[in-house]
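Asker: entry.txt (compact mmCIF, N, CA and C atoms) pasted underneath:
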# COMPACT_ATOMS: atom_id res chain seq x y z
N MET A 1 -44.27 45.35 -14.49
CA MET A 1 -43.05 44.91 -13.87
C MET A 1 -43.28 43.52 -13.27
N ARG A 2 -42.27 42.73 -13.38
CA ARG A 2 -42.35 41.34 -12.95
C ARG A 2 -42.04 41.23 -11.47
N ASP A 3 -42.77 40.38 -10.76
CA ASP A 3 -42.50 40.19 -9.33
C ASP A 3 -41.31 39.27 -9.14
N ASP A 4 -40.42 39.69 -8.27
CA ASP A 4 -39.27 38.84 -7.94
C ASP A 4 -39.73 37.76 -6.97
N PRO A 5 -39.13 36.55 -7.08
CA PRO A 5 -39.49 35.50 -6.12
C PRO A 5 -38.99 35.88 -4.73
N PRO A 6 -39.64 35.35 -3.72
CA PRO A 6 -39.21 35.67 -2.35
C PRO A 6 -37.76 35.22 -2.11
N LYS A 7 -37.13 35.84 -1.13
CA LYS A 7 -35.73 35.56 -0.82
C LYS A 7 -35.52 34.08 -0.47
N GLN A 8 -36.45 33.46 0.22
CA GLN A 8 -36.32 32.05 0.61
C GLN A 8 -36.22 31.16 -0.63
N GLN A 9 -37.01 31.43 -1.63
CA GLN A 9 -36.97 30.64 -2.86
C GLN A 9 -35.64 30.82 -3.57
N LYS A 10 -35.14 32.04 -3.59
CA LYS A 10 -33.83 32.29 -4.21
C LYS A 10 -32.73 31.52 -3.49
N ASP A 11 -32.78 31.54 -2.16
CA ASP A 11 -31.77 30.82 -1.37
C ASP A 11 -31.85 29.32 -1.62
N ASP A 12 -33.07 28.78 -1.65
CA ASP A 12 -33.25 27.35 -1.92
C ASP A 12 -32.71 26.99 -3.29
N PHE A 13 -33.02 27.81 -4.27
CA PHE A 13 -32.55 27.55 -5.64
C PHE A 13 -31.03 27.61 -5.69
N SER A 14 -30.43 28.62 -5.06
CA SER A 14 -28.96 28.77 -5.05
C SER A 14 -28.31 27.56 -4.36
N ASP A 15 -28.92 27.10 -3.28
CA ASP A 15 -28.38 25.93 -2.58
C ASP A 15 -28.42 24.69 -3.47
N ARG A 16 -29.53 24.50 -4.19
CA ARG A 16 -29.65 23.35 -5.08
C ARG A 16 -28.62 23.42 -6.20
N VAL A 17 -28.45 24.60 -6.78
CA VAL A 17 -27.46 24.77 -7.85
C VAL A 17 -26.05 24.50 -7.32
N ASP A 18 -25.74 24.96 -6.13
CA ASP A 18 -24.42 24.71 -5.54
C ASP A 18 -24.20 23.21 -5.32
N ARG A 19 -25.22 22.50 -4.83
CA ARG A 19 -25.09 21.05 -4.62
C ARG A 19 -24.88 20.32 -5.95
N ILE A 20 -25.59 20.75 -6.98
CA ILE A 20 -25.43 20.13 -8.30
C ILE A 20 -24.02 20.37 -8.82
N ARG A 21 -23.51 21.57 -8.67
CA ARG A 21 -22.13 21.88 -9.11
C ARG A 21 -21.10 21.05 -8.34
N GLN A 22 -21.29 20.95 -7.04
CA GLN A 22 -20.35 20.15 -6.23
C GLN A 22 -20.38 18.69 -6.65
N THR A 23 -21.58 18.15 -6.86
CA THR A 23 -21.71 16.76 -7.28
C THR A 23 -21.07 16.56 -8.65
N HIS A 24 -21.33 17.48 -9.55
CA HIS A 24 -20.76 17.38 -10.89
C HIS A 24 -19.23 17.42 -10.83
N GLN A 25 -18.70 18.33 -10.02
CA GLN A 25 -17.25 18.44 -9.90
C GLN A 25 -16.66 17.17 -9.29
N ALA A 26 -17.31 16.62 -8.26
CA ALA A 26 -16.82 15.39 -7.63
C ALA A 26 -16.89 14.22 -8.61
N MET A 27 -17.96 14.14 -9.39
CA MET A 27 -18.12 13.02 -10.32
C MET A 27 -17.18 13.16 -11.52
N SER A 28 -16.72 14.36 -11.81
CA SER A 28 -15.77 14.52 -12.91
C SER A 28 -14.42 13.89 -12.56
N ARG A 29 -14.16 13.67 -11.29
CA ARG A 29 -12.93 13.01 -10.85
C ARG A 29 -13.06 11.49 -10.84
N GLY A 30 -14.26 10.99 -11.11
CA GLY A 30 -14.47 9.56 -11.18
C GLY A 30 -15.70 9.13 -10.42
N PHE A 31 -16.39 8.13 -10.97
CA PHE A 31 -17.57 7.60 -10.28
C PHE A 31 -17.75 6.14 -10.65
N VAL A 32 -18.51 5.45 -9.86
CA VAL A 32 -18.87 4.06 -10.11
C VAL A 32 -20.38 3.95 -10.00
N TYR A 33 -20.92 2.93 -10.65
CA TYR A 33 -22.35 2.69 -10.54
C TYR A 33 -22.61 1.74 -9.39
N GLU A 34 -23.65 2.02 -8.65
CA GLU A 34 -23.99 1.23 -7.47
C GLU A 34 -25.47 0.84 -7.55
N VAL A 35 -25.75 -0.43 -7.26
CA VAL A 35 -27.13 -0.89 -7.24
C VAL A 35 -27.65 -0.71 -5.82
N GLN A 36 -28.72 0.04 -5.68
CA GLN A 36 -29.28 0.28 -4.36
C GLN A 36 -30.21 -0.86 -3.95
N GLU A 37 -30.69 -0.83 -2.73
CA GLU A 37 -31.54 -1.89 -2.21
C GLU A 37 -32.81 -2.09 -3.02
N ASP A 38 -33.34 -1.02 -3.58
CA ASP A 38 -34.57 -1.14 -4.36
C ASP A 38 -34.32 -1.50 -5.82
N GLY A 39 -33.05 -1.77 -6.18
CA GLY A 39 -32.70 -2.17 -7.54
C GLY A 39 -32.35 -1.03 -8.46
N LEU A 40 -32.45 0.20 -7.99
CA LEU A 40 -32.14 1.36 -8.80
C LEU A 40 -30.62 1.50 -8.92
N ILE A 41 -30.15 1.70 -10.14
CA ILE A 41 -28.71 1.87 -10.38
C ILE A 41 -28.42 3.36 -10.41
N ARG A 42 -27.53 3.79 -9.52
CA ARG A 42 -27.20 5.21 -9.44
C ARG A 42 -25.69 5.38 -9.42
N PRO A 43 -25.20 6.47 -10.00
CA PRO A 43 -23.76 6.74 -9.92
C PRO A 43 -23.39 7.21 -8.52
N ARG A 44 -22.21 6.81 -8.09
CA ARG A 44 -21.70 7.22 -6.78
C ARG A 44 -20.28 7.74 -6.98
N VAL A 45 -19.94 8.80 -6.30
CA VAL A 45 -18.61 9.39 -6.41
C VAL A 45 -17.58 8.41 -5.88
N ARG A 46 -16.52 8.20 -6.66
CA ARG A 46 -15.43 7.33 -6.24
C ARG A 46 -14.58 8.10 -5.24
N ARG A 47 -14.29 7.44 -4.13
CA ARG A 47 -13.48 8.11 -3.10
C ARG A 47 -12.04 8.24 -3.56
N ARG A 48 -11.46 9.33 -3.22
CA ARG A 48 -10.05 9.55 -3.54
C ARG A 48 -9.19 8.95 -2.44
N TRP A 49 -7.97 8.54 -2.83
CA TRP A 49 -7.04 8.02 -1.85
C TRP A 49 -6.55 9.18 -0.99
N ARG A 50 -6.55 8.96 0.30
CA ARG A 50 -6.06 9.97 1.22
C ARG A 50 -4.92 9.40 2.02
N PHE A 51 -4.01 10.26 2.43
CA PHE A 51 -2.87 9.82 3.22
C PHE A 51 -3.36 9.27 4.55
N SER A 52 -2.79 8.15 4.93
CA SER A 52 -3.15 7.54 6.19
C SER A 52 -1.89 6.96 6.81
N ILE A 53 -1.67 7.24 8.06
CA ILE A 53 -0.50 6.70 8.76
C ILE A 53 -0.59 5.18 8.84
N PHE A 54 -1.83 4.66 8.93
CA PHE A 54 -2.02 3.21 8.98
C PHE A 54 -1.54 2.56 7.67
N ARG A 55 -1.89 3.16 6.54
CA ARG A 55 -1.44 2.62 5.25
C ARG A 55 0.07 2.70 5.13
N LEU A 56 0.65 3.77 5.59
CA LEU A 56 2.10 3.92 5.53
C LEU A 56 2.79 2.86 6.39
N LEU A 57 2.31 2.66 7.61
CA LEU A 57 2.89 1.63 8.47
C LEU A 57 2.72 0.24 7.87
N ARG A 58 1.56 -0.02 7.30
CA ARG A 58 1.32 -1.32 6.68
C ARG A 58 2.28 -1.55 5.51
N ALA A 59 2.54 -0.51 4.71
CA ALA A 59 3.47 -0.64 3.59
C ALA A 59 4.89 -0.88 4.09
N ILE A 60 5.30 -0.18 5.14
CA ILE A 60 6.64 -0.37 5.69
C ILE A 60 6.80 -1.78 6.24
N ILE A 61 5.79 -2.27 6.97
CA ILE A 61 5.85 -3.62 7.52
C ILE A 61 5.91 -4.65 6.39
N LEU A 62 5.17 -4.42 5.32
CA LEU A 62 5.19 -5.34 4.19
C LEU A 62 6.57 -5.38 3.54
N VAL A 63 7.19 -4.23 3.35
CA VAL A 63 8.52 -4.18 2.75
C VAL A 63 9.54 -4.90 3.63
N VAL A 64 9.47 -4.65 4.93
CA VAL A 64 10.40 -5.31 5.86
C VAL A 64 10.19 -6.82 5.83
N ALA A 65 8.94 -7.27 5.81
CA ALA A 65 8.66 -8.70 5.79
C ALA A 65 9.16 -9.35 4.50
N VAL A 66 9.00 -8.66 3.37
CA VAL A 66 9.46 -9.21 2.09
C VAL A 66 10.98 -9.31 2.07
N VAL A 67 11.65 -8.26 2.52
CA VAL A 67 13.12 -8.29 2.55
C VAL A 67 13.60 -9.39 3.49
N TYR A 68 12.96 -9.53 4.63
CA TYR A 68 13.34 -10.58 5.58
C TYR A 68 13.06 -11.96 5.01
N GLY A 69 11.96 -12.10 4.30
CA GLY A 69 11.65 -13.38 3.67
C GLY A 69 12.66 -13.75 2.61
N ILE A 70 13.06 -12.78 1.79
CA ILE A 70 14.09 -13.03 0.78
C ILE A 70 15.39 -13.44 1.44
N LYS A 71 15.72 -12.78 2.53
CA LYS A 71 16.95 -13.10 3.26
C LYS A 71 16.91 -14.54 3.77
N LEU A 72 15.79 -14.94 4.34
CA LEU A 72 15.67 -16.32 4.85
C LEU A 72 15.70 -17.34 3.72
N ILE A 73 15.04 -17.06 2.61
CA ILE A 73 15.05 -17.99 1.48
C ILE A 73 16.46 -18.14 0.93
N LEU A 74 17.17 -17.03 0.78
CA LEU A 74 18.55 -17.11 0.30
C LEU A 74 19.43 -17.89 1.28
N PHE A 75 19.24 -17.66 2.55
CA PHE A 75 20.03 -18.36 3.56
C PHE A 75 19.75 -19.86 3.51
N TYR A 76 18.47 -20.22 3.34
CA TYR A 76 18.10 -21.64 3.24
C TYR A 76 18.67 -22.29 1.99
N THR A 77 18.49 -21.64 0.84
CA THR A 77 18.88 -22.27 -0.42
C THR A 77 20.39 -22.31 -0.62
N LEU A 78 21.09 -21.28 -0.17
CA LEU A 78 22.54 -21.24 -0.37
C LEU A 78 23.31 -21.97 0.72
N GLY A 79 22.77 -22.01 1.89
CA GLY A 79 23.50 -22.57 3.02
C GLY A 79 24.31 -21.47 3.69
N GLU A 80 24.70 -21.73 4.93
CA GLU A 80 25.38 -20.70 5.72
C GLU A 80 26.72 -20.31 5.12
N GLU A 81 27.49 -21.28 4.65
CA GLU A 81 28.83 -21.01 4.13
C GLU A 81 28.78 -20.19 2.84
N GLU A 82 27.98 -20.63 1.87
CA GLU A 82 27.86 -19.91 0.60
C GLU A 82 27.24 -18.53 0.80
N PHE A 83 26.27 -18.43 1.70
CA PHE A 83 25.65 -17.14 2.00
C PHE A 83 26.71 -16.19 2.54
N GLY A 84 27.56 -16.67 3.42
CA GLY A 84 28.63 -15.84 3.97
C GLY A 84 29.61 -15.37 2.91
N LYS A 85 29.95 -16.27 1.96
CA LYS A 85 30.86 -15.90 0.87
C LYS A 85 30.26 -14.78 0.02
N ARG A 86 29.01 -14.94 -0.34
CA ARG A 86 28.37 -13.93 -1.18
C ARG A 86 28.17 -12.62 -0.43
N LEU A 87 27.94 -12.73 0.86
CA LEU A 87 27.80 -11.53 1.67
C LEU A 87 29.13 -10.76 1.73
N SER A 88 30.25 -11.50 1.84
CA SER A 88 31.55 -10.82 1.87
C SER A 88 31.85 -10.17 0.52
N GLN A 89 31.38 -10.77 -0.58
CA GLN A 89 31.54 -10.13 -1.90
C GLN A 89 30.76 -8.83 -1.97
N LEU A 90 29.55 -8.85 -1.41
CA LEU A 90 28.75 -7.62 -1.40
C LEU A 90 29.40 -6.54 -0.54
N GLU A 91 30.01 -6.93 0.56
CA GLU A 91 30.64 -5.95 1.45
C GLU A 91 31.82 -5.25 0.80
N ARG A 92 32.42 -5.88 -0.21
CA ARG A 92 33.54 -5.27 -0.91
C ARG A 92 33.10 -4.45 -2.12
N GLY A 93 31.80 -4.41 -2.40
CA GLY A 93 31.28 -3.73 -3.59
C GLY A 93 31.09 -2.24 -3.38
N ASN A 94 30.28 -1.67 -4.26
CA ASN A 94 30.02 -0.23 -4.18
C ASN A 94 29.06 0.07 -3.02
N MET A 95 28.65 1.32 -2.91
CA MET A 95 27.86 1.74 -1.76
C MET A 95 26.51 1.00 -1.68
N ILE A 96 25.86 0.80 -2.81
CA ILE A 96 24.57 0.12 -2.82
C ILE A 96 24.74 -1.35 -2.41
N GLU A 97 25.78 -1.99 -2.90
CA GLU A 97 26.03 -3.38 -2.53
C GLU A 97 26.36 -3.51 -1.04
N ARG A 98 27.10 -2.54 -0.50
CA ARG A 98 27.39 -2.57 0.94
C ARG A 98 26.12 -2.38 1.76
N ALA A 99 25.22 -1.52 1.28
CA ALA A 99 23.94 -1.34 1.98
C ALA A 99 23.13 -2.64 1.93
N GLY A 100 23.12 -3.31 0.78
CA GLY A 100 22.45 -4.61 0.67
C GLY A 100 23.07 -5.64 1.59
N ALA A 101 24.40 -5.61 1.71
CA ALA A 101 25.07 -6.55 2.60
C ALA A 101 24.69 -6.28 4.05
N ALA A 102 24.55 -5.02 4.41
CA ALA A 102 24.15 -4.68 5.78
C ALA A 102 22.74 -5.19 6.07
N LEU A 103 21.85 -5.11 5.09
CA LEU A 103 20.48 -5.62 5.28
C LEU A 103 20.45 -7.14 5.34
N MET A 104 21.32 -7.79 4.56
CA MET A 104 21.28 -9.24 4.46
C MET A 104 22.13 -9.95 5.52
N ARG A 105 22.88 -9.20 6.30
CA ARG A 105 23.73 -9.81 7.33
C ARG A 105 22.85 -10.59 8.32
N PRO A 106 23.22 -11.84 8.63
CA PRO A 106 22.41 -12.61 9.58
C PRO A 106 22.38 -11.94 10.95
N ASP A 107 21.22 -11.94 11.56
CA ASP A 107 21.05 -11.36 12.88
C ASP A 107 20.48 -12.43 13.81
N PRO A 108 20.34 -12.14 15.09
CA PRO A 108 19.85 -13.16 16.02
C PRO A 108 18.47 -13.72 15.65
N LEU A 109 17.59 -12.87 15.12
CA LEU A 109 16.27 -13.37 14.74
C LEU A 109 16.37 -14.36 13.58
N THR A 110 17.24 -14.07 12.62
CA THR A 110 17.45 -14.98 11.50
C THR A 110 17.95 -16.32 12.00
N ASP A 111 18.94 -16.29 12.89
CA ASP A 111 19.49 -17.53 13.44
C ASP A 111 18.42 -18.31 14.19
N ARG A 112 17.59 -17.62 14.95
CA ARG A 112 16.54 -18.30 15.72
C ARG A 112 15.50 -18.93 14.80
N ILE A 113 15.10 -18.21 13.76
CA ILE A 113 14.11 -18.75 12.82
C ILE A 113 14.68 -19.97 12.10
N ILE A 114 15.93 -19.90 11.71
CA ILE A 114 16.55 -21.00 10.98
C ILE A 114 16.64 -22.25 11.84
N THR A 115 16.87 -22.09 13.14
CA THR A 115 16.96 -23.28 14.00
C THR A 115 15.59 -23.91 14.23
N PHE A 116 14.50 -23.13 14.18
CA PHE A 116 13.16 -23.67 14.42
C PHE A 116 12.50 -24.25 13.19
N VAL A 117 12.78 -23.67 12.03
CA VAL A 117 12.12 -24.11 10.80
C VAL A 117 13.02 -25.10 10.09
N PRO A 118 12.50 -26.29 9.76
CA PRO A 118 13.33 -27.27 9.06
C PRO A 118 13.63 -26.79 7.64
N ASN A 119 14.79 -27.15 7.15
CA ASN A 119 15.21 -26.74 5.82
C ASN A 119 14.77 -27.78 4.81
N PRO A 120 13.81 -27.47 3.94
CA PRO A 120 13.35 -28.47 2.97
C PRO A 120 14.35 -28.70 1.85
N PHE A 121 15.34 -27.82 1.70
CA PHE A 121 16.30 -27.97 0.62
C PHE A 121 17.45 -28.91 0.98
N LEU A 122 17.67 -29.15 2.28
CA LEU A 122 18.78 -30.03 2.67
C LEU A 122 18.39 -31.50 2.59
N ASN A 123 17.17 -31.85 3.00
CA ASN A 123 16.73 -33.24 3.00
C ASN A 123 15.49 -33.39 2.12
N PRO A 124 15.69 -33.59 0.81
CA PRO A 124 14.52 -33.69 -0.06
C PRO A 124 13.79 -35.02 0.10
In structure tokens, what does this structure look like?
Answerer:
Amino acid sequence: MRDDPPKQQKDDFSDRVDRIRQTHQAMSRGFVYEVQEDGLIRPRVRRRWRFSIFRLLRAIILVVAVVYGIKLILFYTLGEEEFGKRLSQLERGNMIERAGAALMRPDPLTDRIITFVPNPFLNP
């Protein structure tokens, strides 16, 4: 009859097999090669994207800044009178156009920015 290995060896072996399976499963989702300090090239598990409130806030701020920038550029290039005409056309449109008109309506911050920043389109 064959001697069974001690329980400690079985546990060590099971732990190693579990780690190998976990690594294999993680690497099946993607990996990159990384050069270590000693020059050895080893695969490293690629991190998955995780939800972050910071990333969400950064995306919202970016969208608001882009929309505000477009609004200022349109106001500069069209001029106040033409911008107002086009805004009134949007206000008479369908629901999406009215929502766009509400976003593009000049507000106090827009007026303040326009007074401080010179218009390069008026005096070339």
Asker: Please, which residues of region 10-115 of chain A, numbered as in this document, come out alpha helix (DSSP H) from DSSP, as a PyMOL selection string?
Answerer: chain A and resi 10-28+53-91+95-104+108-115
Asker: Provide the atom N of Gly39 (chain A) to CA of His24 (chain A) distance in Å, to one decimal place.
Answerer: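 Value for the atom N of Gly39 (chain A)-CA of His24 (chain A) distance: 23.2 Å.
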Asker: CA of Ile60 (chain A) to CA of Gly30 (chain A): how many Å, to one decimal?
Answerer: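 So the two atoms, CA of Ile60 (chain A) and CA of Gly30 (chain A), lie 28.8 Å apart.
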Asker: Quick one: pull the distance between atom N of Leu72 (chain A) and atom N of Glu97 (chain A), Å, one decimal.
Answerer: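 We find that atom N of Leu72 (chain A) and atom N of Glu97 (chain A) lie 17.9 Å from each other.
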Asker: When you look at Val45 (chain A) with a cut-off of 8 Å (counting only C-alpha atoms), what residues show up, excluding the ones that are within fewer than 5 positions of it in the same chain? I need them as number ranges by chain.
Answerer: A: 26-27, 30-32
Asker: Would you mind listing what lies within 8 Å of Leu87 (chain A) as a ChimeraX atom specification, with only C-alpha atoms counted and same-chain residues fewer than 6 positions away left out?
Answerer: /A:101,104-105
Asker: Can you pull out every residue from chain A that DSSP, working from the backbone, puts in strand (DSSP E), and format the result as a PyMOL selection string?
Answerer: chain A and resi 31-35+41-45
Asker: What's the 12 Å shell around region 75-78 of chain A, counting only C-alpha atoms, without same-chain residues fewer than 3 positions away, as a PyMOL selection string?
Answerer: chain A and resi 68-72+81-87+104-107+110-111+113-115+117-123
